[in-house]
Structure formats: C-alpha cells, structure tokens
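Asker: Structure file final.csv, CSV, C-alpha atoms and all ligand atoms, is pasted below:
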```csv
chain,number,residue,atom,x,y,z
M,1,MET,CA,93.4,107.1,62.9
M,2,THR,CA,95.1,108.9,60.0
M,3,LYS,CA,94.0,107.5,56.7
M,4,THR,CA,97.1,107.1,54.6
M,5,LEU,CA,97.4,106.5,50.9
M,6,VAL,CA,100.7,104.9,49.9
M,7,LEU,CA,102.0,105.3,46.4
M,8,GLY,CA,104.5,102.7,45.3
M,9,ASP,CA,107.2,102.9,42.7
M,10,ILE,CA,106.3,105.4,40.0
M,11,HIS,CA,109.5,105.5,37.9
M,12,ALA,CA,108.6,108.8,36.1
M,13,PRO,CA,108.7,109.6,33.2
M,14,TYR,CA,107.9,105.9,32.6
M,15,HIS,CA,104.8,106.1,34.8
M,16,HIS,CA,101.5,104.5,34.1
M,17,ARG,CA,99.3,107.5,33.2
M,18,ARG,CA,95.9,105.6,33.3
M,19,ALA,CA,96.8,104.0,36.7
M,20,LEU,CA,97.6,107.4,38.1
M,21,GLU,CA,94.3,108.9,36.9
M,22,TRP,CA,92.7,106.0,38.7
M,23,VAL,CA,94.7,106.8,41.8
M,24,TYR,CA,93.4,110.4,41.7
M,25,ARG,CA,89.8,109.2,41.4
M,26,LEU,CA,90.3,106.7,44.3
M,27,ALA,CA,91.8,109.5,46.4
M,28,ASP,CA,88.7,111.7,45.8
M,29,LYS,CA,86.6,108.8,47.0
M,30,MET,CA,88.7,107.6,49.9
M,31,LYS,CA,89.7,111.1,51.1
M,32,PRO,CA,93.1,110.2,52.7
M,33,ASP,CA,94.6,112.6,55.3
M,34,ARG,CA,98.1,111.7,54.2
M,35,VAL,CA,100.0,110.5,51.1
M,36,VAL,CA,103.3,108.8,51.2
M,37,GLN,CA,105.3,108.0,48.1
M,38,VAL,CA,107.8,105.3,49.1
M,39,GLY,CA,110.5,106.1,46.5
M,40,ASP,CA,111.6,105.3,43.0
M,41,LEU,CA,109.6,108.4,42.1
M,42,ARG,CA,111.8,108.9,39.1
M,43,ASP,CA,113.5,106.2,37.0
M,44,GLN,CA,116.7,108.0,35.8
M,45,PHE,CA,117.2,105.3,33.2
M,46,SER,CA,119.7,107.6,31.5
M,47,PHE,CA,122.1,107.2,34.4
M,48,SER,CA,121.8,103.5,34.8
M,49,ARG,CA,124.4,100.9,33.8
M,50,TYR,CA,122.0,99.1,31.5
M,51,PRO,CA,122.5,99.3,27.7
M,52,LYS,CA,120.6,102.4,26.5
M,53,VAL,CA,117.6,101.4,24.4
M,54,LEU,CA,115.9,104.8,24.5
M,55,LYS,CA,116.7,107.7,22.2
M,56,MET,CA,115.8,110.2,24.9
M,57,SER,CA,118.5,112.5,26.2
M,58,PRO,CA,119.2,112.6,29.9
M,59,GLU,CA,118.0,116.3,29.9
M,60,LYS,CA,114.7,115.4,28.2
M,61,GLU,CA,114.2,112.5,30.6
M,62,MET,CA,114.7,114.8,33.6
M,63,GLU,CA,112.4,117.5,32.2
M,64,LEU,CA,109.6,115.0,31.5
M,65,ALA,CA,110.0,113.4,34.9
M,66,SER,CA,110.0,116.8,36.7
M,67,ALA,CA,106.8,117.8,35.0
M,68,ALA,CA,105.2,114.5,35.8
M,69,VAL,CA,106.2,114.3,39.5
M,70,SER,CA,105.2,118.0,40.2
M,71,LYS,CA,101.8,117.2,38.7
M,72,ILE,CA,101.4,114.2,40.9
M,73,TRP,CA,102.1,116.1,44.1
M,74,ALA,CA,99.9,119.0,43.0
M,75,HIS,CA,97.0,116.5,43.1
M,76,PHE,CA,97.5,116.0,46.8
M,77,LYS,CA,97.8,119.6,47.8
M,78,GLY,CA,96.7,120.4,51.3
M,79,LEU,CA,97.2,116.8,52.6
M,80,SER,CA,100.0,115.7,54.9
M,81,ASN,CA,102.5,114.5,52.2
M,82,PHE,CA,105.8,112.6,52.5
M,83,GLN,CA,108.4,111.6,49.9
M,84,LEU,CA,110.9,108.9,50.4
M,85,VAL,CA,113.9,108.3,48.1
M,86,GLY,CA,114.6,104.9,46.4
M,87,ASN,CA,117.5,103.3,44.7
M,88,HIS,CA,116.5,104.8,41.3
M,89,ASP,CA,116.2,108.3,42.8
M,90,ASP,CA,119.7,108.6,44.1
M,91,ARG,CA,121.2,106.8,41.1
M,92,LEU,CA,122.6,110.0,39.6
M,93,LEU,CA,124.0,111.1,43.0
M,94,LYS,CA,125.7,107.8,43.6
M,95,LYS,CA,127.2,107.8,40.1
M,96,VAL,CA,128.7,111.3,40.7
M,97,LEU,CA,129.9,110.3,44.1
M,98,SER,CA,131.8,107.4,42.7
M,99,ASP,CA,133.0,109.0,39.4
M,100,SER,CA,133.6,112.6,40.4
M,101,PRO,CA,133.4,113.1,44.2
M,102,GLU,CA,134.5,116.8,43.7
M,103,LEU,CA,131.1,117.5,42.2
M,104,ALA,CA,129.2,116.0,45.2
M,105,SER,CA,128.0,119.2,46.7
M,106,LEU,CA,126.8,120.6,43.4
M,107,VAL,CA,124.9,117.5,42.4
M,108,GLY,CA,123.7,117.1,46.0
M,109,LYS,CA,122.1,120.6,45.7
M,110,SER,CA,120.3,119.7,42.5
M,111,PHE,CA,119.3,116.4,43.9
M,112,ARG,CA,117.6,118.1,46.8
M,113,GLU,CA,115.8,120.5,44.4
M,114,MET,CA,114.6,117.6,42.3
M,115,TYR,CA,112.9,116.0,45.4
M,116,THR,CA,111.6,119.1,47.0
M,117,PHE,CA,107.9,119.8,46.5
M,118,PRO,CA,105.6,122.4,48.0
M,119,GLY,CA,103.8,121.0,51.1
M,120,VAL,CA,105.7,117.7,51.0
M,121,THR,CA,108.2,116.5,53.6
M,122,THR,CA,111.0,114.7,51.9
M,123,VAL,CA,113.4,112.2,53.5
M,124,TYR,CA,116.4,112.8,51.3
M,125,ASP,CA,118.6,109.9,52.6
M,126,SER,CA,117.5,106.6,51.1
M,127,ARG,CA,118.9,104.8,54.2
M,128,GLN,CA,116.7,106.8,56.6
M,129,GLU,CA,113.3,105.4,57.4
M,130,LEU,CA,110.2,107.4,58.2
M,131,ILE,CA,108.1,106.5,61.2
M,132,LEU,CA,104.4,107.6,61.2
M,133,ASP,CA,101.9,106.3,63.9
M,134,GLY,CA,104.5,103.7,64.9
M,135,VAL,CA,104.7,102.3,61.4
M,136,ILE,CA,108.1,102.2,59.5
M,137,TYR,CA,108.0,103.5,55.9
M,138,GLN,CA,111.0,102.7,53.8
M,139,HIS,CA,111.7,102.2,50.1
M,140,GLY,CA,113.0,98.7,50.8
M,141,HIS,CA,115.6,96.5,49.1
M,142,ARG,CA,114.3,93.0,49.6
M,143,SER,CA,112.0,91.2,47.2
M,144,LYS,CA,110.0,88.8,49.4
M,145,LEU,CA,106.8,90.2,51.0
M,146,GLY,CA,107.2,90.3,54.7
M,147,ASP,CA,111.0,90.4,54.9
M,148,HIS,CA,111.3,94.0,55.8
M,149,ALA,CA,108.7,93.8,58.6
M,150,ARG,CA,110.3,90.6,59.8
M,151,PHE,CA,113.7,92.2,60.0
M,152,ASN,CA,112.2,95.4,61.7
M,153,GLN,CA,109.9,93.3,64.0
M,154,ARG,CA,107.5,96.1,63.4
M,155,SER,CA,104.7,97.0,61.0
M,156,THR,CA,106.4,98.3,57.8
M,157,VAL,CA,105.3,99.9,54.5
M,158,CYS,CA,107.6,99.6,51.5
M,159,GLY,CA,107.8,99.4,47.8
M,160,HIS,CA,110.8,98.4,45.5
M,161,SER,CA,109.7,94.8,44.6
M,162,HIS,CA,106.9,96.2,42.3
M,163,ASN,CA,104.6,93.5,43.9
M,164,GLY,CA,101.8,94.8,46.0
M,165,GLY,CA,100.3,92.9,48.9
M,166,VAL,CA,99.9,92.6,52.7
M,167,VAL,CA,101.1,90.0,55.1
M,168,PHE,CA,100.4,89.7,58.8
M,169,MET,CA,102.8,88.2,61.3
M,170,ARG,CA,103.0,87.9,65.1
M,171,ASN,CA,105.7,88.4,67.7
M,172,LEU,CA,105.5,88.6,71.5
M,173,LYS,CA,104.2,92.1,71.3
M,174,GLY,CA,101.3,91.2,69.1
M,175,VAL,CA,100.3,91.3,65.4
M,176,TYR,CA,102.4,93.3,63.0
M,177,TRP,CA,102.3,93.5,59.2
M,178,GLU,CA,104.0,94.5,56.0
M,179,LEU,CA,102.3,96.4,53.2
M,180,ASN,CA,104.0,96.6,49.8
M,181,ALA,CA,102.4,99.5,47.8
M,182,GLY,CA,103.1,97.9,44.4
M,183,TYR,CA,103.8,99.7,41.3
M,184,LEU,CA,102.6,102.7,39.2
M,185,GLY,CA,105.1,102.5,36.4
M,186,ASP,CA,104.5,101.4,32.8
M,187,VAL,CA,105.9,98.0,32.2
M,188,ARG,CA,105.6,98.5,28.4
M,189,SER,CA,108.2,101.3,28.5
M,190,PRO,CA,111.5,100.5,26.8
M,191,ALA,CA,113.2,101.6,30.0
M,192,PHE,CA,112.1,98.3,31.5
M,193,GLY,CA,113.6,96.3,28.7
M,194,TYR,CA,116.3,95.0,31.0
M,195,HIS,CA,113.8,93.2,33.2
M,196,SER,CA,113.0,89.6,32.4
M,197,GLN,CA,109.5,89.1,30.8
M,198,LYS,CA,108.6,87.0,33.9
M,199,ARG,CA,109.4,89.8,36.3
M,200,MET,CA,107.6,92.4,34.3
M,201,HIS,CA,104.4,90.3,34.2
M,202,THR,CA,104.4,90.0,38.0
M,203,CYS,CA,104.5,93.8,38.6
M,204,THR,CA,101.3,94.7,40.4
M,205,LEU,CA,99.7,98.0,39.6
M,206,GLY,CA,97.9,99.6,42.5
M,207,VAL,CA,98.2,101.5,45.8
M,208,GLY,CA,98.3,100.8,49.5
M,209,LEU,CA,95.8,102.2,51.9
M,210,ILE,CA,95.9,102.2,55.7
M,211,ASP,CA,92.9,103.2,57.8
M,212,GLU,CA,91.1,102.1,61.0
M,213,HIS,CA,90.6,98.7,59.5
M,214,GLY,CA,94.3,98.1,58.9
M,215,PRO,CA,96.5,98.0,55.8
M,216,ARG,CA,95.4,96.8,52.4
M,217,PHE,CA,96.6,96.7,48.8
M,218,ILE,CA,94.1,98.0,46.2
M,219,PRO,CA,95.0,96.6,42.8
M,220,TYR,CA,94.5,98.5,39.5
M,221,ASP,CA,93.1,95.9,37.3
M,222,ARG,CA,92.3,97.4,33.9
F,1,FE,FE,111.3,100.4,41.6
F,2,FE,FE,113.7,100.3,44.1
```
Could you write out this file's structure as structure tokens?

Answerer:
Amino acid sequence: MTKTLVLGDIHAPYHHRRALEWVYRLADKMKPDRVVQVGDLRDQFSFSRYPKVLKMSPEKEMELASAAVSKIWAHFKGLSNFQLVGNHDDRLLKKVLSDSPELASLVGKSFREMYTFPGVTTVYDSRQELILDGVIYQHGHRSKLGDHARFNQRSTVCGHSHNGGVVFMRNLKGVYWELNAGYLGDVRSPAFGYHSQKRMHTCTLGVGLIDEHGPRFIPYDR
C-alpha cells in the first residue's frame, strides 16, 4: 500500500507558514511514499474579481508565490509527487481566455511553467481527475463532505471546501469514502477578506493521509 500524504488548498503566497513547517515535520515522521497537492496551490488574488484590498502588485504576488511553492515541492524531493490544478490556479488563464483569447497560447505556456516542478507530475487541466490505486483525486467544486465521492460512486480525495474530514459510505460494490485534505492557507491574510467571518472560522488546517489503515484527516491545531 502506497502511503500518500495529501496537501489541501495552500493559496500561496497567502499560505500558513507554521502549518507548513508542521507538515514537513509530520512527513519526516510518517515517511509517505507519495505526495499529492489537490490544487489551489496559488491564490492569484490579483486576478480575482474581488475588490483589491492588498497593495501588492500582481508581479510581486506571483514572485512570492513561485518562491513559496518551489520551496514546498523541494521538501518532498525523491517521492512520487503529483500536482493538481484548482479554480484559483487557472484563474489567470480563464481571465485571459475570456478577455483576450488571442493571448491564450502565450499565457497557456507560462501557466504550464508556473505549475511544472522537478520530479512532480502535474495534471494541468482542472477538469481532469487523477486516479491512483483506484482512488480519484480531484480539486473539487462542491462544499459538502462526501458529495464528490457520492457523485463518483468511488473513493475520492479532494480539497476546495477548506474543511478537512473523512466520510465513509457504501454501495453495492462495498465501502467507499471521501477524504477532504483541508487547508494550509492563512485565514488572517487580507486576501481572504472577501470570505464571511463564519466561513473563515470553519477552515480546517491540516493534511490528509492514506495508508494501509485507510484515509484520515490530521488537523493542525496550534
Ligand atoms: Fe481553495
Ligand atoms: Fe478551490
């Protein structure tokens, strides 16, 4: 059984530094064979439709995010690594495709560069799911835990809702489950000012882990 560490939404450069340090220590202890980041690796707040509360330029935001995400993947060098793409990741690409479709190939090239890391397999299309050991990995778009697996009728790993957890279900083929890997972003960042206070307080910091005992969510509770 491949031991898999699942990193939920990171939203760099608005990531939670201390939670990530905890993830590295946990990985040293748990010794996963594989790491999957399920998307929303970068936040790309500068390209959102929300009112801009940050003084940071898009260039600076990109530069900080690039440095942070390269550092994250460097920590898992030598493992079997996979990167998915979430709705925040292809935000810039979608904006260009709708505003200036003639720039699509140019922006598409830099998008691929932004999500290419040494020793990491990237699924560049946010609509495409990854299947490992019969389990579906996808960024997700639903908010209720269990809805993706119920739709897929198959064990599913996702993120997106920023709420970690596991739920088990059963169909005629047997038991299946959904693991949501939770959140590794910093809710105190001004980039999250558009969320309601209620939603911010329900974000669960932590990681997902799948091993021979099944899936679990490990919360970061500091
Ligand atoms: Fe997210
Ligand atoms: Fe998302």

Asker: In Å to one decimal, how far is atom CA of Trp73 of chain M from atom CA of Gly119 of chain M?

Answerer: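 Distance reported for this atom pair: 8.7 Å.
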
Asker: List every residue of chain M that has an atom at most 6 Å from any atom of ligand FE 1 (chain F), giving for each one its closest atom pair and the distance in Å to one decimal, counting all atoms listed in the file, sorted by chain and then by ascending residue number, as a tab-separated table.

Answerer:
```
residue	atom	partner	partner_atom	distance
M:Asp9	CA	F:FE1	FE	4.9
M:Asp40	CA	F:FE1	FE	5.1
M:His160	CA	F:FE1	FE	4.4
```

Asker: Counting only C-alpha atoms and all ligand atoms, which of M:Pro118, M:Gly165, M:Pro58, M:Gly182 gets nearest to ligand FE 2 (chain F)?

Answerer: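 Using only C-alpha atoms and all ligand atoms, the shortest distance to ligand FE 2 (chain F) belongs to M:Gly182.
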
Asker: Could you check how far atom CA of Ala19 of chain M sits from atom CA of Tyr176 of chain M, in Å to one decimal?

Answerer: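 Straight-line distance from atom CA of Ala19 of chain M to atom CA of Tyr176 of chain M works out to 28.9 Å.
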
Asker: Counting all atoms listed in the file, name the residues that have an atom within 12 Å of an atom of ligand FE 2 (chain F); the answer should be given as a PyMOL selection string.

Answerer: chain M and resi 8-11+38-44+84-91+126+138-143+158-163+180-183+185

Asker: Show me, as number ranges by chain, the residues that have an atom within 7 Å of Arg216 of chain M when counting all atoms listed in the file, minus same-chain residues fewer than 4 positions from it.

Answerer: M: 166, 179, 208-210

Asker: Find the spatial neighbours of Leu93 of chain M, counting all atoms listed in the file, within a cut-off of 9 Å - ignore same-chain residues fewer than 5 positions away - and output them as a list in words.

Answerer: Ser98, Ala104, Val107, Gly108 and Phe111 of chain M

Asker: Regenerate segment 83-96 of chain M at the level of N, CA and C atoms and dump it as a short mmCIF file (atom, residue, chain, number, x, y, z; two decimals), in the coordinates of the input.

Answerer:
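Saved to part.cif:
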```
data_model
loop_
_atom_site.label_atom_id
_atom_site.label_comp_id
_atom_site.auth_asym_id
_atom_site.auth_seq_id
_atom_site.Cartn_x
_atom_site.Cartn_y
_atom_site.Cartn_z
N GLN M 83 107.61 112.23 51.01
CA GLN M 83 108.40 111.60 49.90
C GLN M 83 109.58 110.91 50.41
N LEU M 84 109.69 109.64 50.05
CA LEU M 84 110.90 108.90 50.40
C LEU M 84 111.76 108.81 49.09
N VAL M 85 112.98 108.37 49.25
CA VAL M 85 113.90 108.30 48.10
C VAL M 85 114.31 106.81 47.95
N GLY M 86 114.23 106.33 46.72
CA GLY M 86 114.60 104.90 46.40
C GLY M 86 115.89 104.79 45.69
N ASN M 87 116.24 103.56 45.36
CA ASN M 87 117.50 103.30 44.70
C ASN M 87 117.60 103.94 43.30
N HIS M 88 116.46 104.11 42.62
CA HIS M 88 116.50 104.80 41.30
C HIS M 88 116.63 106.30 41.49
N ASP M 89 116.14 106.81 42.62
CA ASP M 89 116.20 108.30 42.80
C ASP M 89 117.59 108.79 43.08
N ASP M 90 118.36 108.04 43.85
CA ASP M 90 119.70 108.60 44.10
C ASP M 90 120.78 107.91 43.21
N ARG M 91 120.29 107.38 42.10
CA ARG M 91 121.20 106.80 41.10
C ARG M 91 122.23 107.75 40.58
N LEU M 92 121.75 108.95 40.19
CA LEU M 92 122.60 110.00 39.60
C LEU M 92 123.64 110.44 40.71
N LEU M 93 123.13 110.66 41.91
CA LEU M 93 124.00 111.10 43.00
C LEU M 93 125.07 110.09 43.30
N LYS M 94 124.71 108.82 43.33
CA LYS M 94 125.70 107.80 43.60
C LYS M 94 126.74 107.68 42.50
N LYS M 95 126.27 107.86 41.26
CA LYS M 95 127.20 107.80 40.10
C LYS M 95 128.23 108.91 40.22
N VAL M 96 127.76 110.12 40.54
CA VAL M 96 128.70 111.30 40.70
C VAL M 96 129.63 111.04 41.86
#
```
